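Visitor: Dropping a structure here in structure tokens format, bear with me for questions.
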Amino acid sequence: MTELICIVCPRGCHLQVDPENGCRVRGNQCPRGETYGRDELINPTRMITSTVRIKGAMYPRCPVKTSAPIPKHLISEAMKALDGITLNAPVKCGQVVVENVCGTGVSFITTRDMQQL
Amino acid sequence: MHDLIVIGGGPAGLAAALSAWENGIRDIVIVERDKELGGILNQCIHNGFGLHYFKEELTGPEYASRFIDMLNDTSVKVKLDTMVLELTPDKELHIVSSASGYEILKAKAVILAMGCRERTRGAIGIPGTRPSGIFTAGAAQRYVNMEGYLVGKKVVILGSGDIGLIMARRLTLEGAEVLACVEIMPYPGGLTRNIVQCLQDFNIPLYLSHTITKIHGSPRVEGVTIAKVDGQRKPVPGTEQYLECDTVLLSVGLIPENELSRKAGIEIDRRTGGPVVYENLETSVEGIFACGNVVHVHDLVDYVTNESLKAGKSAAEYILNFNDPTGNSVSPEHSDISDIRLVNGVGVSYTVPQLIRIPKNLMVNSSLSISDPDIELSDQLQDVEVFFRVNRKFGRSRIGVSLAGNELARFRRERLAPGEMEKIRLPKSLLMKCLQLGLSEIEIYAVDEMTGQASADNANETKITAVSQDSARRIQIIRQDR
Amino acid sequence: MKKTYDVAIIGCGIVGAAMAYELSKYELDVVVVEKENDVCCGATKANSAIIHAGFDPLPGTLMAKLNVMGSRMAKEISQALDVPYKQIGSLVLAFDEDDLKTLDVLYERGLLNSVPGLRLLDRDEVLQMEPEISPNVAGALCAPTAGIINPWEYGIALAETAVRNGVELRLSSEVLSIGQDDENWRITTKSGDVHARYIVNAAGVNSDIIHNMTAEPSFSIRPSKGEYFLLDKSEGSRVKHVIFQCPSKTTKGVLVSPTVHGNLIVGPNAVPSERYDVSNTSDGLDYVRSAAMRSVPSISFRDNIRNFAGIRANSDNDDFIIGISAPRFLDLAGIKSPGLTAAPAIAVYAAELLQNEGLALSRKSDWIGTRKKVRFSELSVEEKNRLISENPAYGRVICRCETVTEGEIIDALHSPIPARSIDGVKRRTGSGMGRCQGGFCGPRILEIMSRELGIDPSEIIQDREGSYILTGQTKKERC
């Protein structure tokens, strides 16, 4: 039995996941906790949030995130994909910055509008 | 004269202005000191916002832009890059900006939504030298996320507040080495999920019941001495260890920003650091409302939003009544005799609201027939949501509500932690009971059902519950053994 | 081409700055060499910020004479040079019979030193004047001429005035050795040699080292550290006067006082220390806290916003060490408390000594003796609006705690002695002095400095050389 803290929401449910028994999850208070518990044992994933360079905007960096969680072991490789990228203002929220990050099929997308100054 | 001025364009101000708009107020001005709306959310680029309010997980800028977009569909006016220098009790605002110079605005109602500021080194008095390389976590967050600069290479974080935890991950992802997160209390200050995904994911040790006893180096930080602390939070001699680092991040608490409120003569609660508020978020000064972190420091922005929506609605009611004093809406006038005060009992560090106002017209009736069960209450009394924090960790426990020592309501909880805000709903029947008994105080307290103790910190509880068995092997958790 | 100055002043703390100010009145080529990257970085920026009335020094000493004279001058100069100063008066508290006897002694000394307006107060009078003072008080000595000042701004104003009147200032120029070329001094500094006919040694905590470069050792500096609390403005009106305790055989006592910024300052202790050790210790702070509570039990130390420590340039001599110790070499050494108060008087006296040593003093006709700076928060609404319409930068508040505008920060970056660090800006404008301690305005000031000075943000320093703030940029650029 593996004990986990669910990180899906701030509630932080204490999960017990049974690897013997088809990764049955207990202690979750919502269905997302069940998914998290199972995934965390089989294929743990995380959202990544970071920034990329941007020119011509109010600030020199634009925030980005992965459009979906990616495998945890790919985090540092995925971060490298953001080096060397420079956007030009204006950008809209949700714009794709890097496609198919590390072959995951997931993209890095911007998380805000940035006007051109 | 404007109908409503909202001070601050962060999450609280945005929601409050929107809510006032939705409740029929049209002449609204938001005064924001920064170059754009959104407040601190703009630098909180991580995700985890909006799960309650939008039922989806957003980053800070995304959460802010939802509200900014909604606001753009209204005629709410926004004054950016404008600082409020003074607020008077008769709701005059002295503001200054490059664009418009020094102006004095007047409003029928004001909503305080200035947020909070970070506690600094001075507030906790860490001995040692005073080199560069000591940042509050929020200041570091701004440098890294908005300005694009790194604040250090080898970092020790003091305090386990959420911003500190988030920055531990953020700095690690940007190539810095975070040596440790050091927390003086026997439990973490931030949310459990952040312990998992910001520290454990990156094998960053969390030292509970430890503190930095000395900062070394000049002109830049060269290291820190950390030591274990005892139950009185005093360093234990002989437990010191030296960590070589070039940067210290402080995540040692937030303080509601109430300089303007204080100068306006608004009563401040020493426990929250924010204004004393009624259940409708009105402060001790009539027509001045407050919401968000200026009232008390929230754990989730979603709750800031909910509170601010309520404040906006209350302000709207106040303004509509102000415009039509003969109308039937609830009188905004304060009436001390009819206030019920919420008192924090053992285990509870504060409550918001602190006061519940009983409508005057009800009181007029009540002097004749308060005990009459037929009295029509539905329009005049409402259930009241009470937010509070506990002052230590609890296992399975109950939150008790008592009148003159008699427990009249109880709420079960599987666990309680100071890092998380709690909420209960006081039924209007309980308020009525309070009135019938002629009482003016309701006490709220927490009791550990396992130990039956309502206070006295249990040393065994210093065990951090956040650690999974797997990660407990991987990371170093220092427990306090007493 | 080698330039020979008439006078080289070593050190630009309050004493060096006052000396430069005084000599700038005369037709002289004067240079000041300073070790740090700004003026007033030693004891001048970390002290009690008090202008003492002058009842403490023993009658007949230089200290007594220069204290009383300096106290008077401080009032005039701060008005002329726009330095925050308030004459709020001081009280020395007595708690027992011994203390009351000490008050009598101090009162007598004060009369001999010609301190104006001294009065002995009984317990009731004290509590009426200062209700927050401990009810254990037995009496007090009141000195109405005592005041509070912004000490580093005082020093900066003196140094700036000197610079505006032609004095040269060489920062980051630590003196390595002093020799002689022909008749003149050759001062070897980290930024090159300086040649001068006369030297004034105002090197503060290092004045013995400088002295020993030219003359036989005759004194030594015994640095003594004092630690302080600076409390939020919410505590600033806890007392209205400078509140001293009676000096005893073991301690000089801890003071509690409002500051000119409206904060409350509490300190210092006195511990022998290294020359540069300005670290805080928990023992020291605990001592200061409990000692201060004896005077004012209600101080809320949870409203502390900053701790700091300063080094007193105490010497093995009871009095100031002021005199010619080698031909054309003047020591202004061991200037301990009340050095801040005495500084301008020391400079006047020192100029006389230089004149006696052969330096010709002839008054400049075009000397500028006034200074005015914009303090946005103190202006009337009309003045604020006029200023903003002339320059919109004055409409942008950068430091929210102390209400400092972008315009004032830009002024500081282009003043006669321009700020070159975040703390340099702080010392000139007050930005970052408040309760958030620069958490909010720090990044914004850094941005303004980078823009105004045309340098990369990662080159901006907090205070002394090497006190870098940022360690590079996030996200590598494409090559």
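Ordering of the structure tokens sets the chain letters (A, B, ...), residue numbers begin anew at 1 in every chain, and ligands are numbered from 1 in the order given.
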If the cut-off is 8 Å, can you tell me the residues of chain B near chain A, counting only C-alpha atoms? I'd like them as a list in words.
Guide: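 Contact residues on the first chain: Ile45, His46, Asn47, Gly48, Leu51, Thr59, Pro61, Glu62, Ser65, Asn145, Met146, Glu147, Gly148, Arg170, Leu173, Leu191, Thr192, Arg193, Asn194, Val196, Gln197, Ala466, Val467, Ser468, Gln469 and Asp470 of chain B.
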Visitor: Enumerate as a PyMOL selection string the residues belonging to chain A that approach chain C to within 7 Å, with only C-alpha atoms taken into account.
Guide: chain A and resi 52+83-85
Visitor: May I have the residues from that selection written out with C-alpha atoms, as a compact mmCIF listing (two decimals), in the first residue's frame?
Guide:
# COMPACT_ATOMS: atom_id res chain seq x y z
CA VAL A 52 9.79 32.76 -22.19
CA ASP A 83 15.51 28.40 -23.79
CA GLY A 84 16.23 30.36 -26.91
CA ILE A 85 12.62 31.25 -27.60
Visitor: Select all residues from chain C having any atom no more than 8 Å from an atom of chain B (counting only C-alpha atoms, ignoring ligands), output as a tab-separated table (two decimals) with all heavy atoms, in the first residue's frame.
Guide:
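result.tsv, freshly written:
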chain	number	residue	atom	x	y	z
C	278	VAL	N	29.47	44.76	11.98
C	278	VAL	CA	28.19	45.41	12.27
C	278	VAL	C	27.05	44.39	12.27
C	278	VAL	O	25.91	44.68	11.95
C	278	VAL	CB	27.88	46.55	11.28
C	278	VAL	CG1	28.79	47.72	11.52
C	278	VAL	CG2	27.98	46.07	9.85
C	279	SER	N	27.38	43.16	12.67
C	279	SER	CA	26.33	42.13	12.72
C	279	SER	C	25.52	42.27	14.01
C	279	SER	O	25.99	42.81	15.00
C	279	SER	CB	26.96	40.74	12.66
C	279	SER	OG	27.80	40.54	13.78
C	280	ASN	N	24.31	41.80	13.95
C	280	ASN	CA	23.46	41.78	15.14
C	280	ASN	C	23.56	40.42	15.83
C	280	ASN	O	23.77	39.41	15.19
C	280	ASN	CB	22.00	42.05	14.77
C	280	ASN	CG	21.75	43.51	14.47
C	280	ASN	OD1	21.46	43.89	13.35
C	280	ASN	ND2	21.90	44.35	15.47
C	281	THR	N	23.43	40.46	17.14
C	281	THR	CA	23.48	39.22	17.91
C	281	THR	C	22.19	39.11	18.71
C	281	THR	O	21.59	40.12	19.09
C	281	THR	CB	24.65	39.24	18.90
C	281	THR	OG1	24.44	40.32	19.83
C	281	THR	CG2	25.98	39.45	18.19
C	282	SER	N	21.78	37.88	18.97
C	282	SER	CA	20.54	37.75	19.74
C	282	SER	C	20.74	38.22	21.18
C	282	SER	O	19.83	38.81	21.76
C	282	SER	CB	19.99	36.32	19.67
C	282	SER	OG	21.00	35.40	19.85
C	302	ARG	N	6.96	43.79	18.47
C	302	ARG	CA	6.52	43.03	17.31
C	302	ARG	C	6.37	43.96	16.09
C	302	ARG	O	6.22	43.49	14.97
C	302	ARG	CB	5.24	42.25	17.61
C	302	ARG	CG	3.95	43.00	17.47
C	302	ARG	CD	2.79	42.06	17.78
C	302	ARG	NE	1.72	42.21	16.80
C	302	ARG	CZ	0.63	41.47	16.76
C	302	ARG	NH1	0.45	40.51	17.61
C	302	ARG	NH2	-0.30	41.68	15.86
C	303	ASP	N	6.43	45.26	16.33
C	303	ASP	CA	6.40	46.21	15.22
C	303	ASP	C	7.79	46.63	14.76
C	303	ASP	O	7.96	47.65	14.11
C	303	ASP	CB	5.55	47.43	15.60
C	303	ASP	CG	4.09	47.06	15.72
C	303	ASP	OD1	3.56	46.50	14.75
C	303	ASP	OD2	3.48	47.30	16.77
C	304	ASN	N	8.79	45.81	15.14
C	304	ASN	CA	10.14	46.07	14.67
C	304	ASN	C	10.20	45.93	13.15
C	304	ASN	O	9.63	45.01	12.60
C	304	ASN	CB	11.10	45.06	15.31
C	304	ASN	CG	12.54	45.31	14.93
C	304	ASN	OD1	12.98	46.46	14.91
C	304	ASN	ND2	13.27	44.27	14.61
C	305	ILE	N	10.86	46.89	12.48
C	305	ILE	CA	11.02	46.71	11.03
C	305	ILE	C	12.46	46.47	10.63
C	305	ILE	O	12.73	45.98	9.54
C	305	ILE	CB	10.44	47.88	10.21
C	305	ILE	CG1	11.11	49.21	10.55
C	305	ILE	CG2	8.93	47.99	10.38
C	305	ILE	CD1	10.69	50.34	9.61
C	306	ARG	N	13.40	46.80	11.51
C	306	ARG	CA	14.79	46.57	11.13
C	306	ARG	C	15.68	46.57	12.36
C	306	ARG	O	15.46	47.36	13.28
C	306	ARG	CB	15.26	47.69	10.18
C	306	ARG	CG	16.65	47.47	9.60
C	306	ARG	CD	16.99	48.55	8.59
C	306	ARG	NE	18.33	48.41	8.06
C	306	ARG	CZ	18.65	47.60	7.06
C	306	ARG	NH1	17.75	46.87	6.49
C	306	ARG	NH2	19.90	47.53	6.63
C	307	ASN	N	16.67	45.70	12.34
C	307	ASN	CA	17.75	45.78	13.32
C	307	ASN	C	18.99	46.23	12.59
C	307	ASN	O	19.17	45.93	11.42
C	307	ASN	CB	18.01	44.41	13.96
C	307	ASN	CG	16.84	43.98	14.82
C	307	ASN	OD1	16.13	43.04	14.50
C	307	ASN	ND2	16.64	44.67	15.92
C	308	PHE	N	19.83	46.95	13.28
C	308	PHE	CA	21.12	47.28	12.69
C	308	PHE	C	22.12	47.48	13.81
C	308	PHE	O	21.77	47.46	14.99
C	308	PHE	CB	21.02	48.52	11.78
C	308	PHE	CG	20.67	49.81	12.49
C	308	PHE	CD1	21.67	50.65	12.98
C	308	PHE	CD2	19.35	50.18	12.67
C	308	PHE	CE1	21.35	51.84	13.61
C	308	PHE	CE2	19.02	51.37	13.31
C	308	PHE	CZ	20.03	52.20	13.78
C	381	VAL	N	-0.80	70.53	-1.82
C	381	VAL	CA	-1.45	69.99	-3.01
C	381	VAL	C	-1.09	70.82	-4.25
C	381	VAL	O	-0.76	70.27	-5.31
C	381	VAL	CB	-2.98	69.94	-2.82
C	381	VAL	CG1	-3.68	69.56	-4.12
C	381	VAL	CG2	-3.36	68.96	-1.71
C	384	LYS	N	2.43	70.11	-5.26
C	384	LYS	CA	2.53	68.77	-5.85
C	384	LYS	C	2.08	68.82	-7.31
C	384	LYS	O	2.74	68.28	-8.19
C	384	LYS	CB	1.66	67.78	-5.07
C	384	LYS	CG	2.31	67.30	-3.79
C	384	LYS	CD	1.38	66.41	-2.98
C	384	LYS	CE	2.10	65.88	-1.76
C	384	LYS	NZ	1.27	65.66	-0.60
C	385	ASN	N	0.95	69.46	-7.54
C	385	ASN	CA	0.42	69.50	-8.90
C	385	ASN	C	1.31	70.28	-9.85
C	385	ASN	O	1.49	69.90	-11.00
C	385	ASN	CB	-1.00	70.06	-8.89
C	385	ASN	CG	-2.02	68.95	-8.74
C	385	ASN	OD1	-1.85	67.87	-9.30
C	385	ASN	ND2	-3.05	69.19	-7.96
C	388	ILE	N	4.25	68.01	-10.66
C	388	ILE	CA	3.91	66.90	-11.55
C	388	ILE	C	3.69	67.40	-12.97
C	388	ILE	O	4.07	66.75	-13.95
C	388	ILE	CB	2.66	66.14	-11.04
C	388	ILE	CG1	2.96	65.50	-9.69
C	388	ILE	CG2	2.21	65.06	-12.04
C	388	ILE	CD1	1.74	65.01	-8.94
C	389	SER	N	3.10	68.60	-13.10
C	389	SER	CA	2.88	69.10	-14.46
C	389	SER	C	4.20	69.47	-15.11
C	389	SER	O	4.37	69.34	-16.31
C	389	SER	CB	1.91	70.28	-14.44
C	389	SER	OG	2.50	71.37	-13.77
C	392	PRO	N	6.30	64.74	-14.87
C	392	PRO	CA	5.35	63.71	-14.44
C	392	PRO	C	5.97	62.62	-13.55
C	392	PRO	O	5.24	61.91	-12.87
C	392	PRO	CB	4.87	63.11	-15.77
C	392	PRO	CG	5.19	64.12	-16.80
C	392	PRO	CD	6.38	64.86	-16.33
C	393	ALA	N	7.30	62.51	-13.55
C	393	ALA	CA	7.93	61.48	-12.72
C	393	ALA	C	7.62	61.71	-11.24
C	393	ALA	O	7.65	60.77	-10.45
C	393	ALA	CB	9.44	61.47	-12.95
C	394	TYR	N	7.32	62.96	-10.87
C	394	TYR	CA	6.97	63.22	-9.47
C	394	TYR	C	5.55	62.74	-9.13
C	394	TYR	O	5.14	62.78	-7.98
C	394	TYR	CB	7.09	64.72	-9.15
C	394	TYR	CG	8.52	65.21	-9.09
C	394	TYR	CD1	9.01	66.07	-10.07
C	394	TYR	CD2	9.36	64.81	-8.07
C	394	TYR	CE1	10.32	66.52	-10.03
C	394	TYR	CE2	10.68	65.25	-8.02
C	394	TYR	CZ	11.15	66.10	-9.01
C	394	TYR	OH	12.44	66.54	-8.95
C	395	GLY	N	4.83	62.31	-10.14
C	395	GLY	CA	3.48	61.80	-9.88
C	395	GLY	C	3.44	60.30	-9.69
C	395	GLY	O	2.40	59.72	-9.41
C	396	ARG	N	4.60	59.67	-9.85
C	396	ARG	CA	4.63	58.21	-9.76
C	396	ARG	C	5.29	57.80	-8.44
C	396	ARG	O	6.49	57.95	-8.24
C	396	ARG	CB	5.42	57.66	-10.95
C	396	ARG	CG	5.09	56.23	-11.21
C	396	ARG	CD	5.63	55.74	-12.56
C	396	ARG	NE	5.72	54.30	-12.47
C	396	ARG	CZ	6.83	53.61	-12.72
C	396	ARG	NH1	7.93	54.21	-13.13
C	396	ARG	NH2	6.82	52.31	-12.57
C	397	VAL	N	4.48	57.32	-7.51
C	397	VAL	CA	5.00	56.92	-6.21
C	397	VAL	C	5.65	55.54	-6.34
C	397	VAL	O	5.01	54.59	-6.78
C	397	VAL	CB	3.88	56.89	-5.15
C	397	VAL	CG1	4.41	56.38	-3.82
C	397	VAL	CG2	3.28	58.29	-4.98
C	400	ARG	N	5.92	53.02	-1.49
C	400	ARG	CA	4.60	53.31	-0.97
C	400	ARG	C	4.65	53.57	0.54
C	400	ARG	O	3.84	54.32	1.05
C	400	ARG	CB	3.66	52.15	-1.25
C	400	ARG	CG	4.18	50.89	-0.61
C	400	ARG	CD	3.30	49.71	-0.71
C	400	ARG	NE	4.01	48.63	-0.02
C	400	ARG	CZ	3.71	47.37	-0.11
C	400	ARG	NH1	2.71	46.99	-0.85
C	400	ARG	NH2	4.40	46.47	0.54
C	403	THR	N	6.22	57.14	0.73
C	403	THR	CA	5.75	58.03	-0.33
C	403	THR	C	6.91	58.76	-1.01
C	403	THR	O	7.06	59.97	-0.93
C	403	THR	CB	4.73	59.06	0.20
C	403	THR	OG1	3.81	58.37	1.04
C	403	THR	CG2	3.95	59.71	-0.92
C	436	CYS	N	7.94	47.81	4.76
C	436	CYS	CA	8.18	46.66	3.89
C	436	CYS	C	9.65	46.53	3.53
C	436	CYS	O	10.04	45.60	2.86
C	436	CYS	CB	7.28	46.69	2.65
C	436	CYS	SG	7.98	47.48	1.20
C	437	GLN	N	10.47	47.49	4.00
C	437	GLN	CA	11.92	47.40	3.86
C	437	GLN	C	12.37	47.13	2.42
C	437	GLN	O	13.26	46.33	2.17
C	437	GLN	CB	12.47	46.32	4.80
C	437	GLN	CG	12.45	46.75	6.26
C	437	GLN	CD	13.52	47.78	6.55
C	437	GLN	OE1	14.71	47.53	6.42
C	437	GLN	NE2	13.10	49.00	6.91
C	439	GLY	N	10.81	45.71	-0.02
C	439	GLY	CA	10.26	44.53	-0.72
C	439	GLY	C	9.46	44.94	-1.93
C	439	GLY	O	9.53	44.31	-2.98
C	440	PHE	N	8.71	46.02	-1.80
C	440	PHE	CA	7.88	46.49	-2.90
C	440	PHE	C	8.68	47.37	-3.86
C	440	PHE	O	8.65	47.18	-5.07
C	440	PHE	CB	6.67	47.25	-2.35
C	440	PHE	CG	5.79	47.86	-3.42
C	440	PHE	CD1	4.91	47.07	-4.14
C	440	PHE	CD2	5.86	49.21	-3.71
C	440	PHE	CE1	4.11	47.62	-5.13
C	440	PHE	CE2	5.06	49.78	-4.69
C	440	PHE	CZ	4.18	48.97	-5.40
C	443	PRO	N	12.66	46.23	-6.43
C	443	PRO	CA	12.73	45.90	-7.86
C	443	PRO	C	12.45	47.10	-8.76
C	443	PRO	O	13.04	47.22	-9.84
C	443	PRO	CB	11.64	44.84	-8.04
C	443	PRO	CG	11.47	44.23	-6.68
C	443	PRO	CD	11.73	45.35	-5.72
C	458	SER	N	21.67	43.47	-13.58
C	458	SER	CA	22.51	42.57	-12.77
C	458	SER	C	23.75	43.28	-12.24
C	458	SER	O	24.45	42.75	-11.39
C	458	SER	CB	22.89	41.33	-13.57
C	458	SER	OG	23.52	41.72	-14.77
C	462	GLN	N	23.26	46.52	-4.01
C	462	GLN	CA	22.42	46.91	-2.89
C	462	GLN	C	23.07	48.05	-2.11
C	462	GLN	O	22.43	49.03	-1.78
C	462	GLN	CB	22.22	45.71	-1.96
C	462	GLN	CG	21.31	45.96	-0.77
C	462	GLN	CD	19.87	46.14	-1.19
C	462	GLN	OE1	19.36	45.38	-2.02
C	462	GLN	NE2	19.20	47.15	-0.66
C	463	ASP	N	24.37	47.90	-1.82
C	463	ASP	CA	25.01	48.88	-0.95
C	463	ASP	C	26.49	48.99	-1.28
C	463	ASP	O	26.88	49.67	-2.21
C	463	ASP	CB	24.77	48.48	0.52
C	463	ASP	CG	25.19	49.56	1.50
C	463	ASP	OD1	25.54	50.66	1.04
C	463	ASP	OD2	25.18	49.30	2.71
C	464	ARG	N	27.33	48.25	-0.56
C	464	ARG	CA	28.77	48.34	-0.78
C	464	ARG	C	29.15	47.61	-2.06
C	464	ARG	O	28.38	46.83	-2.61
C	464	ARG	CB	29.51	47.73	0.41
C	464	ARG	CG	29.22	48.45	1.71
C	464	ARG	CD	29.87	47.73	2.88
C	464	ARG	NE	31.30	47.65	2.69
C	464	ARG	CZ	32.08	46.76	3.32
C	464	ARG	NH1	31.56	45.89	4.14
C	464	ARG	NH2	33.38	46.75	3.10
C	465	GLU	N	30.37	47.84	-2.51
C	465	GLU	CA	30.84	47.12	-3.69
C	465	GLU	C	30.76	45.62	-3.43
C	465	GLU	O	31.11	45.16	-2.35
C	465	GLU	CB	32.28	47.54	-4.01
C	465	GLU	CG	32.34	48.81	-4.85
C	465	GLU	CD	33.64	49.56	-4.67
C	465	GLU	OE1	34.69	48.91	-4.73
C	465	GLU	OE2	33.59	50.79	-4.47
C	466	GLY	N	30.29	44.90	-4.41
C	466	GLY	CA	30.17	43.44	-4.26
C	466	GLY	C	28.82	42.99	-3.75
C	466	GLY	O	28.56	41.80	-3.68
C	467	SER	N	27.98	43.95	-3.38
C	467	SER	CA	26.67	43.55	-2.84
C	467	SER	C	25.66	43.42	-3.98
C	467	SER	O	24.64	44.09	-4.01
C	467	SER	CB	26.19	44.55	-1.79
C	467	SER	OG	26.04	45.83	-2.35
C	468	TYR	N	26.00	42.52	-4.90
C	468	TYR	CA	25.14	42.33	-6.07
C	468	TYR	C	23.79	41.78	-5.65
C	468	TYR	O	23.65	41.16	-4.59
C	468	TYR	CB	25.81	41.42	-7.10
C	468	TYR	CG	26.09	40.03	-6.59
C	468	TYR	CD1	25.18	39.01	-6.77
C	468	TYR	CD2	27.29	39.73	-5.93
C	468	TYR	CE1	25.42	37.73	-6.30
C	468	TYR	CE2	27.54	38.46	-5.44
C	468	TYR	CZ	26.61	37.47	-5.63
C	468	TYR	OH	26.85	36.20	-5.15
C	469	ILE	N	22.79	42.01	-6.47
C	469	ILE	CA	21.43	41.60	-6.14
C	469	ILE	C	21.00	40.43	-7.02
C	469	ILE	O	20.50	39.43	-6.53
C	469	ILE	CB	20.46	42.78	-6.32
C	469	ILE	CG1	20.86	43.92	-5.36
C	469	ILE	CG2	19.01	42.35	-6.05
C	469	ILE	CD1	20.20	45.24	-5.67
C	470	LEU	N	21.19	40.58	-8.31
C	470	LEU	CA	20.74	39.56	-9.25
C	470	LEU	C	21.93	38.77	-9.77
C	470	LEU	O	23.05	39.29	-9.83
C	470	LEU	CB	19.99	40.22	-10.41
C	470	LEU	CG	18.82	41.11	-9.96
C	470	LEU	CD1	18.25	41.89	-11.14
C	470	LEU	CD2	17.73	40.26	-9.30
C	471	THR	N	21.69	37.51	-10.14
C	471	THR	CA	22.82	36.67	-10.56
C	471	THR	C	22.73	36.28	-12.03
C	471	THR	O	23.38	35.34	-12.44
C	471	THR	CB	22.89	35.40	-9.69
C	471	THR	OG1	21.64	34.71	-9.79
C	471	THR	CG2	23.15	35.74	-8.24
C	472	GLY	N	21.93	37.00	-12.79
C	472	GLY	CA	21.86	36.68	-14.22
C	472	GLY	C	20.42	36.63	-14.66
C	472	GLY	O	19.51	36.90	-13.88
C	473	GLN	N	20.23	36.28	-15.92
C	473	GLN	CA	18.88	36.26	-16.46
C	473	GLN	C	18.33	34.84	-16.53
C	473	GLN	O	19.08	33.88	-16.59
C	473	GLN	CB	18.88	36.85	-17.88
C	473	GLN	CG	19.29	38.31	-17.90
C	473	GLN	CD	18.90	38.98	-19.20
C	473	GLN	OE1	18.08	38.48	-19.97
C	473	GLN	NE2	19.49	40.13	-19.45
C	474	THR	N	17.02	34.75	-16.51
C	474	THR	CA	16.38	33.46	-16.76
C	474	THR	C	16.34	33.28	-18.28
C	474	THR	O	16.37	34.25	-19.03
C	474	THR	CB	14.93	33.42	-16.25
C	474	THR	OG1	14.15	34.36	-16.99
C	474	THR	CG2	14.85	33.79	-14.78
C	475	LYS	N	16.28	32.03	-18.70
C	475	LYS	CA	16.07	31.71	-20.12
C	475	LYS	C	17.23	32.18	-21.01
C	475	LYS	O	17.38	33.37	-21.28
C	475	LYS	CB	14.76	32.33	-20.64
C	475	LYS	CG	13.54	31.88	-19.88
C	475	LYS	CD	13.22	30.42	-20.15
C	475	LYS	CE	12.09	29.96	-19.26
C	475	LYS	NZ	12.53	29.27	-18.05
Visitor: Please identify all polymer residues within 12 Å of segment 76-84 of chain C, counting only C-alpha atoms, omitting same-chain residues fewer than 4 positions from it, and present them as a ChimeraX atom specification.
Guide: /C:18,21-22,49-51,69-72,147-162,259-262,341,343-345,368-375,378,427-430
Visitor: Write to file, as a compact mmCIF listing (two decimals), in the first residue's frame, the residues of the selection just made, with C-alpha atoms.
Guide:
# COMPACT_ATOMS: atom_id res chain seq x y z
CA ALA C 18 31.80 68.70 7.94
CA TYR C 21 31.99 71.75 4.06
CA GLU C 22 33.95 74.14 6.27
CA ALA C 49 20.57 60.06 15.33
CA ILE C 50 20.59 62.43 18.30
CA ILE C 51 21.77 66.01 18.51
CA MET C 69 28.61 74.65 19.87
CA GLY C 70 27.81 71.83 17.41
CA SER C 71 24.31 71.46 18.78
CA ARG C 72 23.64 75.09 17.95
CA GLY C 147 17.15 67.19 18.93
CA ILE C 148 16.86 64.41 16.42
CA ILE C 149 18.28 64.47 12.92
CA ASN C 150 18.67 62.26 9.87
CA PRO C 151 22.40 61.65 10.39
CA TRP C 152 23.36 60.32 6.96
CA GLU C 153 21.38 63.00 5.19
CA TYR C 154 23.16 65.56 7.38
CA GLY C 155 26.48 64.12 6.24
CA ILE C 156 25.41 63.88 2.60
CA ALA C 157 24.15 67.49 2.68
CA LEU C 158 27.46 68.73 4.09
CA ALA C 159 29.46 66.71 1.55
CA GLU C 160 27.19 67.75 -1.34
CA THR C 161 27.56 71.39 -0.38
CA ALA C 162 31.31 70.96 -0.31
CA THR C 259 13.17 59.56 14.56
CA VAL C 260 12.74 62.37 12.06
CA HIS C 261 11.04 59.85 9.78
CA GLY C 262 8.43 59.15 12.45
CA THR C 341 26.51 66.70 17.22
CA ALA C 343 31.03 67.57 13.85
CA PRO C 344 30.47 71.09 12.43
CA ALA C 345 32.10 72.63 15.48
CA ILE C 368 26.77 78.50 -1.89
CA GLY C 369 25.49 77.79 1.59
CA THR C 370 22.02 76.54 0.90
CA ARG C 371 20.53 73.36 -0.48
CA LYS C 372 16.96 72.48 -1.40
CA LYS C 373 15.56 69.14 -2.41
CA VAL C 374 12.16 67.92 -3.42
CA ARG C 375 10.37 66.00 -0.69
CA GLU C 378 5.78 67.29 2.43
CA ARG C 427 19.89 57.33 2.13
CA ARG C 428 19.03 60.23 -0.14
CA THR C 429 15.28 59.74 -0.53
CA GLY C 430 14.10 57.49 2.29
Visitor: In Å, with one decimal, what is the gap from atom CA of Ile178 of chain C to atom CA of Ser315 of chain C?
Guide: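 Computed distance, atom CA of Ile178 of chain C to atom CA of Ser315 of chain C, equals 21.9 Å.
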Visitor: For the atom pair atom CA of Glu36 of chain C and atom CA of Ile321 of chain C, what is the interatomic distance in Å to one decimal place?
Guide: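 Atom-to-atom, atom CA of Glu36 of chain C to atom CA of Ile321 of chain C, that is 23.4 Å.
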